[in-house]
Number of protein chains: 2
Amino acid sequence: MLIDALQCGNFDREVFEELKAGGFTCVTPTLGFWEGTLESLDELGRWRDREREYPDLIKIVRKAEDIRAAEREGKVGVLLGYQNTNLLEDRIAYVELFADLGVRVLQLTYNNQNELGGSCYEEHDSGLARFGREVVREMNRTGIVIDCSHVGDKTTLDVIEYSQKPVAITHANADSLFPHKRNKTDPVLKALSQTGGVIGCAAYRNITPADACATVDAWCEMVARTVEIAGIDHVGLGTDYSHKTGPNHLDWMRKGRWTRGVQYGAGSAAVPGKVAKPDWLVNIGALNSVEGGLRRVGFDEGDIAKIMGGNWLRLYEDVFG
Amino acid sequence: MLIDALQCGNFDREVFEELKAGGFTCVTPTLGFWEGTLESLDELGRWRDREREYPDLIKIVRKAEDIRAAEREGKVGVLLGYQNTNLLEDRIAYVELFADLGVRVLQLTYNNQNELGGSCYEEHDSGLARFGREVVREMNRTGIVIDCSHVGDKTTLDVIEYSQKPVAITHANADSLFPHKRNKTDPVLKALSQTGGVIGCAAYRNITPADACATVDAWCEMVARTVEIAGIDHVGLGTDYSHKTGPNHLDWMRKGRWTRGVQYGAGSAAVPGKVAKPDWLVNIGALNSVEGGLRRVGFDEGDIAKIMGGNWLRLYEDVFG
C-alpha cells in the first residue's frame with residue numbers, strides 16, 4: 001500500500017499512468033486553493049469526468065474500504081480534497097453538501113487567515129475562530145478529514161483540542177528539523193499524535209532539508225527523526241508533489257486574487273520562483289523507493305507499512321467511519 | 001445638516017418620508033451583513049430602483065458635494081454602505097469595482113473574523129491580516145470609508161495606524177461609559193481622533209446606557225462624555241436605528257448562514273431578542289431633537305453643527321477626495 005496525502009497540479013492520463021505504474025494505492029489531489037463554491041463545484045465535476053474517462057486507471061474513493069477495493073482492482077484511489085475552505089462561502093450547511101458530493105479532505109486555511117482561523121503566514125494567528133469551531137464539529141460529523149498543513153500553530157493546537165476526531169497535517173515537515181513557517185513545531189506534532197493524528201512528510205524543496213532532497217535515504221532519515229517526535233503510528237507521506245505546473249500555477253497559489261503585490265509563498269526573495277523537485281523524486285513514480293530507504297535506515301516491515309500508507313488508512317477509517 | 005452614519009432594516013416610502021420630515025441630510029443604510037458578491041450587487045440594484053421610484057425623497061450620494069446638493073434640493077442623501085466585506089469574495093480588484101458602483105462605506109468585519117481581520121466578538125483578535133492590509137490601502141486609494149464599528153480593538157488600532165486616511169467607527173459608544181464588546185475603549189477612541197477619525201454615537205439599547213435611552217438630554221450627556229474622550233472634531237451620530245425589522249432580520253444579522261446554534265449578537269441570554277428603541281427615539285424623526293439636547297448640555301452652535309453632521313462631512317471630504 002502506498003498513500004500520498006497531498007499532490008497538486010494538473011492531472012492527466014500520463015500522470016495517472018505514472019501513478020499506477022508507481023504502485024500508488026491512493027492520492028489526494030488538490031481541487032482548489034482560493035476558489036469559491038461554484039468554481040469548487042466545477043473542479044468536482046472535472047474529477048468526475050476524469051474518473052469516467054480513465055476507469056482503467058483511477059477510482060474516486062469515499063471510504064477506507066474503497067481504498068482497499070482500488071488496491072484490489074489495480075486502480076489509483078483518488079481522495080478528493082481542497083487546500084482551503086472558501087468553497088463553503090460561510091455556509092455551515094455546505095460542509096454536509098460537499099461531504100455528500102465526495103469531498104473527504106479540507107484544509108481549514110490556505111496561506112491567509114479566513115473566517116475559520118489563522119494561517120502559518122499571518123503575523124498573528126487568531127486561533128480557531130467562531131465559524132472555525134462550527135466547521136470543525138460539522139467536519140467531524142460528516143466525515144471530512146481536517147487538514148492543518150498551512151494553518152497557524154495556535155489555530156492547529158486549538159483544532160487538535162476541539163476536534164472529536166484525529167487531525168491531519170497532510171504535507172509538512174518538522175520545524176525542529178527544518179525551521180520554516182510551513183513546518184510544524186514539536187509541541188504541535190506531539191499534540192497531534194496524542195489525539196491519533198498523522199503528519200505526511202513533505203518532499204517540497206522549499207520546506208525540506210537540502211540533504212533530504214538529495215537522496216531518498218537522507219529523506220528517510222528525516223522521516224525517522226519525525227517518527228522520534230510524533231511516534232511510529234503518526235507519520236506518513238504527503239509529498240506536495242506538483243504535476244505539470246508552470247509560473248501561472250505558482251502565481252495563482254501564492255497571489256490568488258487577493259493581492260497585486262509580490263508573494264513568495266514558501267519561497268523567498270532569494271528563491272522567488274519554482275524550485276526543482278528533489279533529486280530522488282524528479283518523477284512521482286520514484287516515491288516507492290521510500291520503502292527501501294526506510295528499510296535501510298532501520299525500520300522493520302510493520303513500521304514501513306504504517307509509514308507507506310497504513311497510518312493514513314487508519315486515520316481515514318477513524319474520520320470517515 | 002443632520003447626518004446619521006448608520007441605519008439598517010427595510011427602507012420604503014414611509015421611511016424616506018419620515019427621514020425627509022425629520023430633516024435628515026444624509027443617511028448610510030446597511031446594504032448587507034453576510035452577503036457575497038452577487039447578493040450584494042442585487043442590493044445595489046434595489047437601491048438604484050428606490051432612487052428611481054422616490055426621486056422626490058432620496059438621492060444616492062457619492063461625494064461630499066452631493067450631500068450638500070441633496071440638502072439644497074430637500075432630499076435625503078443616501079450614502080451606500082455594507083457592514084461586511086464578504087462582497088469582495090477575496091478579490092482585491094473588487095474594491096475598485098464596488099467604489100465605481102457608488103459604494104462609499106465598508107465595515108471590515110461584521111461579527112466574525114474574516115480574511116481581513118478580527119471582530120469584537122472573537123475570543124482572540126488577530127489584528128489586521130494580510131488581505132486586510134491590501135484592502136485598507138485599496139479603500140484609501142478608491143475613496144471608501146473604512147468602518148471599524150464591529151471590528152476588534154486590536155484590528156481597529158492596526159487599521160488606524162496603517163490607513164493613510166481617517167477611519168470611521170460609524171455606530172458604537174465609548175466602552176468606558178458603557179462596557180460592551182461592541183463599544184470602543186478610550187485608547188482606540190484617542191488613536192481614532194489623533195488621525196482625524198470620527199465615532200458615531202449609537203442609540204441601540206443593547207450598547208447604550210439605560211439613562212441615555214430614557215431621555216434625549218441624557219443621551220446628549222453621553223455624547224458630551226464621548227467628546228471629552230475623542231475631542232469635539234471627532235464625534236458624530238450613528239444611531240444603528242433599525243427600520244421595520246422583525247425576528248427574521250435579527251436572526252439573519254446574528255446567525256447568517258454560519259451557524260445552526262443560538263447567537264445573541266449584542267444581546268445576551270438575559271436579553272435574547274429584539275430590544276425596544278430608546279424612549280426618545282421611537283421614531284427616527286425624533287433624532288433632530290438631539291440638537292436641542294446638545295444645546296441644553298452646554299454645547300455652543302459651532303460644536304452642535306459638528307456633532308449633527310459637520311464632522312462626518314469633513315471625514316467624507318477627506319476620504320472621498
# chains A, B, ... in the order shown; residues from 1 in each chain; ligands from 1
$ residues_around --residues "A:Thr109" --least-positions-apart "2" --cutoff "9 Å" --atoms "only C-alpha atoms" --output "short mmCIF file (atom, residue, chain, number, x, y, z; two decimals) with all heavy atoms, in the first residue's frame"
data_model
loop_
_atom_site.label_atom_id
_atom_site.label_comp_id
_atom_site.auth_asym_id
_atom_site.auth_seq_id
_atom_site.Cartn_x
_atom_site.Cartn_y
_atom_site.Cartn_z
N GLN A 83 -7.41 22.65 -0.57
CA GLN A 83 -6.47 23.26 0.37
C GLN A 83 -7.02 24.54 1.00
O GLN A 83 -6.26 25.40 1.47
CB GLN A 83 -5.12 23.54 -0.30
CG GLN A 83 -4.31 22.26 -0.51
CD GLN A 83 -2.83 22.51 -0.67
OE1 GLN A 83 -2.25 23.29 0.07
NE2 GLN A 83 -2.21 21.86 -1.64
N ASN A 84 -8.33 24.70 1.00
CA ASN A 84 -8.92 25.88 1.63
C ASN A 84 -10.40 25.60 1.87
O ASN A 84 -10.93 24.59 1.38
CB ASN A 84 -8.74 27.12 0.74
CG ASN A 84 -8.68 28.42 1.54
OD1 ASN A 84 -9.07 28.48 2.70
ND2 ASN A 84 -8.20 29.47 0.89
N THR A 85 -11.05 26.50 2.59
CA THR A 85 -12.49 26.34 2.87
C THR A 85 -13.32 27.43 2.23
O THR A 85 -14.47 27.65 2.61
CB THR A 85 -12.74 26.35 4.40
OG1 THR A 85 -12.01 27.43 4.98
CG2 THR A 85 -12.32 25.03 5.02
N ASN A 86 -12.75 28.14 1.24
CA ASN A 86 -13.53 29.15 0.52
C ASN A 86 -14.77 28.56 -0.13
O ASN A 86 -15.75 29.27 -0.35
CB ASN A 86 -12.68 29.83 -0.55
CG ASN A 86 -11.81 30.93 0.02
OD1 ASN A 86 -11.74 31.10 1.24
ND2 ASN A 86 -11.14 31.66 -0.84
N LEU A 106 -10.41 18.72 3.79
CA LEU A 106 -10.42 20.18 3.65
C LEU A 106 -9.35 20.77 4.57
O LEU A 106 -9.33 20.48 5.77
CB LEU A 106 -11.78 20.78 4.06
CG LEU A 106 -12.97 20.58 3.14
CD1 LEU A 106 -14.22 21.22 3.77
CD2 LEU A 106 -12.71 21.17 1.76
N GLN A 107 -8.46 21.55 3.98
CA GLN A 107 -7.53 22.32 4.79
C GLN A 107 -8.29 23.56 5.28
O GLN A 107 -8.96 24.22 4.49
CB GLN A 107 -6.32 22.71 3.94
CG GLN A 107 -5.19 23.32 4.74
CD GLN A 107 -3.90 23.41 3.92
OE1 GLN A 107 -2.99 22.63 4.07
NE2 GLN A 107 -3.84 24.39 3.04
N ASN A 111 -3.00 30.06 2.65
CA ASN A 111 -1.93 30.93 3.14
C ASN A 111 -2.40 32.15 3.91
O ASN A 111 -1.59 32.83 4.53
CB ASN A 111 -1.05 31.39 1.97
CG ASN A 111 -0.17 30.27 1.44
OD1 ASN A 111 -0.11 29.20 2.04
ND2 ASN A 111 0.49 30.51 0.33
N ASN A 112 -3.70 32.44 3.86
CA ASN A 112 -4.22 33.63 4.54
C ASN A 112 -5.22 33.25 5.62
O ASN A 112 -5.93 32.25 5.50
CB ASN A 112 -4.94 34.55 3.54
CG ASN A 112 -3.99 35.28 2.62
OD1 ASN A 112 -2.78 35.04 2.65
ND2 ASN A 112 -4.52 36.17 1.82
N GLN A 113 -5.30 34.09 6.63
CA GLN A 113 -6.38 33.99 7.61
C GLN A 113 -7.72 33.98 6.89
O GLN A 113 -7.88 34.61 5.85
CB GLN A 113 -6.30 35.21 8.53
CG GLN A 113 -7.51 35.42 9.42
CD GLN A 113 -7.30 36.55 10.41
OE1 GLN A 113 -6.27 36.62 11.08
NE2 GLN A 113 -8.26 37.43 10.52
N ASN A 114 -8.67 33.28 7.48
CA ASN A 114 -10.04 33.37 6.97
C ASN A 114 -11.03 33.33 8.13
O ASN A 114 -10.63 33.53 9.29
CB ASN A 114 -10.30 32.26 5.92
CG ASN A 114 -10.17 30.87 6.50
OD1 ASN A 114 -10.23 30.66 7.72
ND2 ASN A 114 -9.98 29.89 5.63
N GLU A 115 -12.30 33.07 7.83
CA GLU A 115 -13.34 33.07 8.87
C GLU A 115 -13.12 31.98 9.91
O GLU A 115 -13.69 32.02 10.99
CB GLU A 115 -14.72 32.88 8.24
CG GLU A 115 -15.17 33.96 7.28
CD GLU A 115 -14.64 33.76 5.87
OE1 GLU A 115 -13.79 32.85 5.65
OE2 GLU A 115 -15.05 34.53 4.99
N LEU A 116 -12.32 30.97 9.55
CA LEU A 116 -12.16 29.82 10.45
C LEU A 116 -10.99 29.97 11.42
O LEU A 116 -11.07 29.54 12.57
CB LEU A 116 -11.93 28.54 9.62
CG LEU A 116 -13.16 27.91 8.98
CD1 LEU A 116 -13.64 28.70 7.78
CD2 LEU A 116 -12.87 26.47 8.57
N GLY A 117 -9.91 30.56 10.95
CA GLY A 117 -8.74 30.64 11.81
C GLY A 117 -7.55 31.28 11.12
O GLY A 117 -7.70 31.90 10.06
N GLY A 118 -6.37 31.14 11.73
CA GLY A 118 -5.17 31.80 11.25
C GLY A 118 -4.29 30.89 10.41
O GLY A 118 -4.30 29.67 10.58
N SER A 119 -3.54 31.50 9.51
CA SER A 119 -2.63 30.74 8.64
C SER A 119 -1.20 30.89 9.16
O SER A 119 -0.87 31.80 9.92
CB SER A 119 -2.72 31.27 7.21
OG SER A 119 -1.45 31.60 6.70
N CYS A 120 -0.34 29.98 8.69
CA CYS A 120 1.06 30.00 9.13
C CYS A 120 1.80 31.24 8.65
O CYS A 120 2.85 31.58 9.18
CB CYS A 120 1.77 28.74 8.65
SG CYS A 120 1.93 28.62 6.85
N ASP A 147 -7.50 19.15 7.69
CA ASP A 147 -6.08 19.28 7.35
C ASP A 147 -5.56 20.63 7.85
O ASP A 147 -6.15 21.68 7.55
CB ASP A 147 -5.92 19.17 5.82
CG ASP A 147 -4.46 19.20 5.39
OD1 ASP A 147 -3.57 19.24 6.25
OD2 ASP A 147 -4.23 19.16 4.16
N CYS A 148 -4.47 20.61 8.62
CA CYS A 148 -3.91 21.85 9.18
C CYS A 148 -2.53 22.18 8.62
O CYS A 148 -1.77 22.92 9.25
CB CYS A 148 -3.84 21.73 10.70
SG CYS A 148 -5.45 21.87 11.51
N SER A 149 -2.21 21.70 7.43
CA SER A 149 -0.84 21.88 6.92
C SER A 149 -0.41 23.35 6.83
O SER A 149 0.67 23.70 7.27
CB SER A 149 -0.72 21.22 5.53
OG SER A 149 -1.03 19.86 5.61
N HIS A 150 -1.23 24.18 6.24
CA HIS A 150 -0.88 25.61 6.11
C HIS A 150 -1.45 26.46 7.24
O HIS A 150 -1.33 27.68 7.22
CB HIS A 150 -1.39 26.17 4.77
CG HIS A 150 -0.64 25.72 3.56
ND1 HIS A 150 -0.02 26.59 2.69
CD2 HIS A 150 -0.41 24.48 3.06
CE1 HIS A 150 0.55 25.92 1.70
NE2 HIS A 150 0.32 24.63 1.90
N VAL A 151 -2.11 25.82 8.17
CA VAL A 151 -2.76 26.54 9.27
C VAL A 151 -1.71 26.97 10.30
O VAL A 151 -0.70 26.30 10.47
CB VAL A 151 -3.84 25.62 9.89
CG1 VAL A 151 -4.46 26.24 11.13
CG2 VAL A 151 -4.90 25.28 8.85
N GLY A 152 -1.94 28.06 10.98
CA GLY A 152 -1.01 28.54 12.01
C GLY A 152 -0.95 27.59 13.21
O GLY A 152 -1.88 26.82 13.46
#
$ residues_around --residues "stretch 307-316 of chain B" --least-positions-apart "2" --cutoff "9 Å" --atoms "only C-alpha atoms" --output "NGL selection string"
:B and (1-5 or 25-26 or 63-64 or 67 or 104 or 143-145 or 165-168 or 196-200 or 223 or 232-237 or 288 or 290-291 or 294 or 302-305 or 318-321)
$ write_last_selection --atoms "N, CA and C atoms" --output "short mmCIF file (atom, residue, chain, number, x, y, z; two decimals), in the first residue's frame"
data_model
loop_
_atom_site.label_atom_id
_atom_site.label_comp_id
_atom_site.auth_asym_id
_atom_site.auth_seq_id
_atom_site.Cartn_x
_atom_site.Cartn_y
_atom_site.Cartn_z
N MET B 1 -27.81 70.75 9.03
CA MET B 1 -27.33 69.46 8.50
C MET B 1 -27.48 68.37 9.55
N LEU B 2 -28.02 67.24 9.12
CA LEU B 2 -28.19 66.11 10.04
C LEU B 2 -27.73 64.85 9.31
N ILE B 3 -26.64 64.25 9.79
CA ILE B 3 -26.09 63.05 9.16
C ILE B 3 -26.12 61.90 10.16
N ASP B 4 -26.73 60.80 9.76
CA ASP B 4 -26.72 59.58 10.58
C ASP B 4 -25.88 58.54 9.83
N ALA B 5 -24.77 58.16 10.44
CA ALA B 5 -23.79 57.33 9.73
C ALA B 5 -24.15 55.85 9.69
N THR B 25 -30.09 65.04 6.32
CA THR B 25 -29.33 65.42 5.14
C THR B 25 -28.75 64.19 4.45
N CYS B 26 -28.27 63.27 5.27
CA CYS B 26 -27.62 62.08 4.72
C CYS B 26 -27.72 60.92 5.71
N LYS B 63 -20.19 61.89 -3.30
CA LYS B 63 -19.18 62.88 -2.93
C LYS B 63 -19.77 63.77 -1.85
N ALA B 64 -18.93 64.43 -1.09
CA ALA B 64 -19.41 65.37 -0.09
C ALA B 64 -20.27 66.45 -0.76
N ILE B 67 -23.80 65.57 -1.09
CA ILE B 67 -24.57 65.71 0.16
C ILE B 67 -25.07 67.14 0.30
N ARG B 104 -19.61 53.55 -0.70
CA ARG B 104 -18.76 54.54 -0.04
C ARG B 104 -18.36 54.18 1.39
N GLY B 143 -11.29 55.70 -2.32
CA GLY B 143 -12.22 56.62 -1.66
C GLY B 143 -13.41 55.95 -1.01
N ILE B 144 -13.17 54.88 -0.27
CA ILE B 144 -14.24 54.23 0.50
C ILE B 144 -13.91 54.39 1.98
N VAL B 145 -14.93 54.79 2.77
CA VAL B 145 -14.74 54.94 4.21
C VAL B 145 -14.53 53.57 4.86
N LYS B 165 -5.82 57.32 5.41
CA LYS B 165 -6.96 58.24 5.53
C LYS B 165 -7.60 58.05 6.90
N PRO B 166 -8.35 59.06 7.38
CA PRO B 166 -9.06 58.90 8.66
C PRO B 166 -10.02 57.71 8.60
N VAL B 167 -10.23 57.11 9.77
CA VAL B 167 -11.05 55.91 9.89
C VAL B 167 -12.35 56.27 10.61
N ALA B 168 -13.41 55.51 10.30
CA ALA B 168 -14.71 55.75 10.93
C ALA B 168 -15.09 54.59 11.85
N GLY B 196 -7.71 61.88 12.79
CA GLY B 196 -8.79 62.54 12.07
C GLY B 196 -10.07 61.74 11.94
N GLY B 197 -10.16 60.63 12.63
CA GLY B 197 -11.36 59.78 12.52
C GLY B 197 -12.54 60.32 13.30
N VAL B 198 -13.67 59.66 13.11
CA VAL B 198 -14.93 60.08 13.76
C VAL B 198 -15.65 58.84 14.29
N ILE B 199 -16.23 58.96 15.50
CA ILE B 199 -17.13 57.93 16.01
C ILE B 199 -18.56 58.46 15.98
N GLY B 200 -19.48 57.61 15.50
CA GLY B 200 -20.90 57.95 15.53
C GLY B 200 -21.52 57.33 16.76
N VAL B 223 -23.03 61.85 24.80
CA VAL B 223 -22.26 62.41 23.69
C VAL B 223 -21.19 63.37 24.23
N ILE B 232 -13.92 67.31 20.19
CA ILE B 232 -15.13 67.86 19.56
C ILE B 232 -15.16 67.65 18.05
N ASP B 233 -14.00 67.47 17.42
CA ASP B 233 -13.98 67.28 15.96
C ASP B 233 -14.14 65.82 15.54
N HIS B 234 -14.40 64.93 16.51
CA HIS B 234 -14.32 63.50 16.20
C HIS B 234 -15.54 62.70 16.67
N VAL B 235 -16.62 63.39 16.94
CA VAL B 235 -17.85 62.72 17.39
C VAL B 235 -19.02 63.15 16.52
N GLY B 236 -19.77 62.16 16.07
CA GLY B 236 -20.98 62.43 15.30
C GLY B 236 -22.09 61.48 15.72
N LEU B 237 -23.08 61.33 14.84
CA LEU B 237 -24.22 60.47 15.13
C LEU B 237 -24.18 59.21 14.27
N ASN B 288 -33.69 64.71 15.33
CA ASN B 288 -33.34 66.15 15.32
C ASN B 288 -33.51 66.81 16.69
N VAL B 290 -31.94 65.94 19.10
CA VAL B 290 -30.59 65.95 19.67
C VAL B 290 -30.00 67.36 19.66
N GLU B 291 -30.38 68.13 18.64
CA GLU B 291 -29.83 69.49 18.54
C GLU B 291 -30.12 70.29 19.81
N LEU B 294 -28.21 68.85 22.84
CA LEU B 294 -26.79 69.25 22.89
C LEU B 294 -26.67 70.67 23.42
N GLY B 302 -21.45 76.17 17.11
CA GLY B 302 -20.42 75.59 16.25
C GLY B 302 -20.20 74.11 16.56
N ASP B 303 -20.14 73.80 17.85
CA ASP B 303 -19.94 72.41 18.26
C ASP B 303 -21.14 71.55 17.88
N ILE B 304 -22.33 72.11 18.06
CA ILE B 304 -23.54 71.35 17.71
C ILE B 304 -23.53 71.00 16.22
N ALA B 305 -23.14 71.94 15.40
CA ALA B 305 -23.10 71.69 13.94
C ALA B 305 -22.10 70.58 13.60
N ASP B 318 -12.44 64.16 3.32
CA ASP B 318 -11.06 63.62 3.41
C ASP B 318 -10.95 62.30 2.66
N VAL B 319 -11.95 61.45 2.81
CA VAL B 319 -11.85 60.09 2.26
C VAL B 319 -12.23 60.06 0.78
N PHE B 320 -13.32 60.76 0.43
CA PHE B 320 -13.79 60.69 -0.96
C PHE B 320 -12.91 61.52 -1.89
N GLY B 321 -12.27 62.55 -1.32
CA GLY B 321 -11.37 63.38 -2.12
C GLY B 321 -12.13 64.29 -3.06
#
$ closest_residue --among "B:Ile92, B:Leu177, B:Ala21, B:Ile60" --to "B:Val136" --atoms "only C-alpha atoms"
B:Ile92
$ interface_residues --of "chain B" --to "chain A" --cutoff "12 Å" --atoms "only C-alpha atoms" --output "NGL selection string"
:B and (33-37 or 85-95 or 109-138 or 152 or 154-155 or 158 or 255-263)
$ write_last_selection --atoms "C-alpha atoms" --output "PDB file, in the first residue's frame"
ATOM      1  CA  PHE B  33     -24.207  41.826   6.530  1.00  0.00           C
ATOM      2  CA  TRP B  34     -23.139  38.381   5.240  1.00  0.00           C
ATOM      3  CA  GLU B  35     -23.949  38.588   1.532  1.00  0.00           C
ATOM      4  CA  GLY B  36     -21.416  37.632  -1.137  1.00  0.00           C
ATOM      5  CA  THR B  37     -20.701  39.433  -4.396  1.00  0.00           C
ATOM      6  CA  THR B  85     -16.530  42.780   3.199  1.00  0.00           C
ATOM      7  CA  ASN B  86     -17.933  39.439   2.018  1.00  0.00           C
ATOM      8  CA  LEU B  87     -18.915  41.239  -1.181  1.00  0.00           C
ATOM      9  CA  LEU B  88     -15.229  41.226  -2.160  1.00  0.00           C
ATOM     10  CA  GLU B  89     -15.013  37.420  -2.132  1.00  0.00           C
ATOM     11  CA  ASP B  90     -11.258  37.748  -1.605  1.00  0.00           C
ATOM     12  CA  ARG B  91     -10.681  39.785  -4.774  1.00  0.00           C
ATOM     13  CA  ILE B  92      -8.623  42.934  -4.338  1.00  0.00           C
ATOM     14  CA  ALA B  93      -9.891  44.146  -7.723  1.00  0.00           C
ATOM     15  CA  TYR B  94     -13.480  44.258  -6.451  1.00  0.00           C
ATOM     16  CA  VAL B  95     -12.757  47.192  -4.116  1.00  0.00           C
ATOM     17  CA  THR B 109     -15.656  42.696   9.565  1.00  0.00           C
ATOM     18  CA  TYR B 110     -19.134  42.125  10.866  1.00  0.00           C
ATOM     19  CA  ASN B 111     -19.493  39.844  13.930  1.00  0.00           C
ATOM     20  CA  ASN B 112     -16.984  37.186  12.828  1.00  0.00           C
ATOM     21  CA  GLN B 113     -13.321  37.149  11.937  1.00  0.00           C
ATOM     22  CA  ASN B 114     -12.677  37.118   8.216  1.00  0.00           C
ATOM     23  CA  GLU B 115      -9.773  37.330   5.756  1.00  0.00           C
ATOM     24  CA  LEU B 116      -9.194  40.969   6.716  1.00  0.00           C
ATOM     25  CA  GLY B 117      -9.070  40.917  10.496  1.00  0.00           C
ATOM     26  CA  GLY B 118     -10.719  40.158  13.816  1.00  0.00           C
ATOM     27  CA  SER B 119     -14.190  41.018  15.089  1.00  0.00           C
ATOM     28  CA  CYS B 120     -15.182  42.365  18.502  1.00  0.00           C
ATOM     29  CA  TYR B 121     -16.932  39.063  19.273  1.00  0.00           C
ATOM     30  CA  GLU B 122     -13.995  36.729  18.612  1.00  0.00           C
ATOM     31  CA  GLU B 123     -12.110  35.362  21.600  1.00  0.00           C
ATOM     32  CA  HIS B 124      -8.786  36.407  20.043  1.00  0.00           C
ATOM     33  CA  ASP B 125      -8.411  39.354  17.695  1.00  0.00           C
ATOM     34  CA  SER B 126      -5.816  38.606  15.010  1.00  0.00           C
ATOM     35  CA  GLY B 127      -5.152  42.226  14.195  1.00  0.00           C
ATOM     36  CA  LEU B 128      -5.129  43.381  10.588  1.00  0.00           C
ATOM     37  CA  ALA B 129      -4.338  40.325   8.431  1.00  0.00           C
ATOM     38  CA  ARG B 130      -2.525  40.090   5.075  1.00  0.00           C
ATOM     39  CA  PHE B 131      -5.603  40.644   2.914  1.00  0.00           C
ATOM     40  CA  GLY B 132      -6.790  43.329   5.331  1.00  0.00           C
ATOM     41  CA  ARG B 133      -3.696  45.399   4.645  1.00  0.00           C
ATOM     42  CA  GLU B 134      -4.262  45.121   0.913  1.00  0.00           C
ATOM     43  CA  VAL B 135      -7.906  46.169   1.252  1.00  0.00           C
ATOM     44  CA  VAL B 136      -7.225  49.110   3.569  1.00  0.00           C
ATOM     45  CA  ARG B 137      -4.794  50.645   1.079  1.00  0.00           C
ATOM     46  CA  GLU B 138      -7.147  49.988  -1.816  1.00  0.00           C
ATOM     47  CA  GLY B 152     -11.985  44.051  17.266  1.00  0.00           C
ATOM     48  CA  LYS B 154      -6.519  45.192  18.057  1.00  0.00           C
ATOM     49  CA  THR B 155      -7.525  45.155  14.408  1.00  0.00           C
ATOM     50  CA  ASP B 158      -3.825  48.338  13.375  1.00  0.00           C
ATOM     51  CA  LYS B 255     -26.601  33.832  12.602  1.00  0.00           C
ATOM     52  CA  GLY B 256     -26.261  34.500   8.888  1.00  0.00           C
ATOM     53  CA  ARG B 257     -25.613  31.074   7.410  1.00  0.00           C
ATOM     54  CA  TRP B 258     -22.567  30.337   9.553  1.00  0.00           C
ATOM     55  CA  THR B 259     -24.179  28.571  12.481  1.00  0.00           C
ATOM     56  CA  ARG B 260     -27.162  26.474  13.468  1.00  0.00           C
ATOM     57  CA  GLY B 261     -26.674  27.431  17.119  1.00  0.00           C
ATOM     58  CA  VAL B 262     -28.074  30.254  19.253  1.00  0.00           C
ATOM     59  CA  GLN B 263     -26.408  33.657  18.808  1.00  0.00           C
TER      60      GLN B 263
END
$ residues_around --residues "B:Leu250" --least-positions-apart "5" --cutoff "9 Å" --atoms "only C-alpha atoms" --output "PyMOL selection string"
chain B and resi 245+255+265+273-274
$ write_last_selection --atoms "C-alpha atoms" --output "PDB file, in the first residue's frame"
ATOM      1  CA  THR B 245     -37.472  44.660  11.197  1.00  0.00           C
ATOM      2  CA  LYS B 255     -26.601  33.832  12.602  1.00  0.00           C
ATOM      3  CA  GLY B 265     -25.273  39.306  18.883  1.00  0.00           C
ATOM      4  CA  GLY B 273     -34.484  39.152  21.385  1.00  0.00           C
ATOM      5  CA  LYS B 274     -35.276  42.447  19.772  1.00  0.00           C
TER       6      LYS B 274
END
$ select_by_dssp --residues "stretch 8-207 of chain A" --states "strand (DSSP E)" --output "list in words"
Cys8, Gly9, Cys26, Val27, Ile58, Lys59, Ile60, Val76, Gly77, Val78, Gly81, Tyr82, Val105, Leu106, Gln107, Val145, Ile146, Asp147, Ala168, Ile169, Thr170, His171, Ala172, Val198, Ile199, Gly200 and Cys201 of chain A
$ residues_around --residues "A:Cys201" --least-positions-apart "3" --cutoff "9 Å" --atoms "only C-alpha atoms" --output "VMD selection string"
chain A and resid 169 to 174 222 to 223 226 235 to 240
$ select_by_dssp --residues "stretch 32-92 of chain B" --states "alpha helix (DSSP H)" --output "short mmCIF file (atom, residue, chain, number, x, y, z; two decimals) with C-alpha atoms, in the first residue's frame"
data_model
loop_
_atom_site.label_atom_id
_atom_site.label_comp_id
_atom_site.auth_asym_id
_atom_site.auth_seq_id
_atom_site.Cartn_x
_atom_site.Cartn_y
_atom_site.Cartn_z
CA THR B 37 -20.70 39.43 -4.40
CA LEU B 38 -23.88 38.67 -6.33
CA GLU B 39 -26.25 39.19 -3.44
CA SER B 40 -24.50 42.48 -2.70
CA LEU B 41 -24.87 43.60 -6.30
CA ASP B 42 -28.57 42.69 -6.08
CA GLU B 43 -28.99 45.04 -3.14
CA LEU B 44 -27.12 47.79 -5.01
CA GLY B 45 -29.63 47.32 -7.81
CA ARG B 46 -32.53 47.60 -5.38
CA TRP B 47 -31.19 50.96 -4.14
CA ARG B 48 -30.93 52.24 -7.71
CA ASP B 49 -34.57 51.20 -8.12
CA ARG B 50 -35.52 53.03 -4.93
CA GLU B 51 -33.80 56.18 -6.18
CA ARG B 52 -35.78 55.95 -9.43
CA GLU B 53 -39.01 55.26 -7.53
CA ALA B 64 -19.41 65.37 -0.09
CA GLU B 65 -20.62 67.87 -2.69
CA ASP B 66 -23.54 65.53 -3.50
CA ILE B 67 -24.57 65.71 0.16
CA ARG B 68 -24.62 69.49 0.02
CA ALA B 69 -26.63 69.28 -3.20
CA ALA B 70 -29.13 66.90 -1.58
CA GLU B 71 -29.52 69.40 1.24
CA ARG B 72 -30.22 72.22 -1.24
CA GLU B 73 -32.72 70.04 -3.11
#
$ closest_residue --among "B:Ser289, B:Asn206, B:Ser268, B:Thr142" --to "B:Cys220" --atoms "only C-alpha atoms"
B:Ser289
$ closest_residue --among "B:Lys75, B:Leu6, B:Leu101, B:Glu221" --to "B:Arg296" --atoms "only C-alpha atoms"
B:Glu221
$ residues_around --residues "B:Phe11" --least-positions-apart "4" --cutoff "9 Å" --atoms "only C-alpha atoms" --output "ChimeraX atom specification"
/B:15-16,29,50,243-244
$ atom_distance --atom1 "atom CA of B:Gly74" --atom2 "atom CA of B:Gly293"
24.1 Å
$ atom_distance --atom1 "atom CA of B:Lys277" --atom2 "atom CA of B:Ala203"
7.9 Å
$ decode --residues "stretch 257-269 of chain B" --atoms "C-alpha atoms" --output "tab-separated table (two decimals), in the first residue's frame"
chain	number	residue	atom	x	y	z
B	257	ARG	CA	-25.61	31.07	7.41
B	258	TRP	CA	-22.57	30.34	9.55
B	259	THR	CA	-24.18	28.57	12.48
B	260	ARG	CA	-27.16	26.47	13.47
B	261	GLY	CA	-26.67	27.43	17.12
B	262	VAL	CA	-28.07	30.25	19.25
B	263	GLN	CA	-26.41	33.66	18.81
B	264	TYR	CA	-27.28	36.73	20.85
B	265	GLY	CA	-25.27	39.31	18.88
B	266	ALA	CA	-25.13	42.45	21.05
B	267	GLY	CA	-27.81	40.93	23.29
B	268	SER	CA	-27.40	38.15	25.84
B	269	ALA	CA	-29.20	35.16	27.34
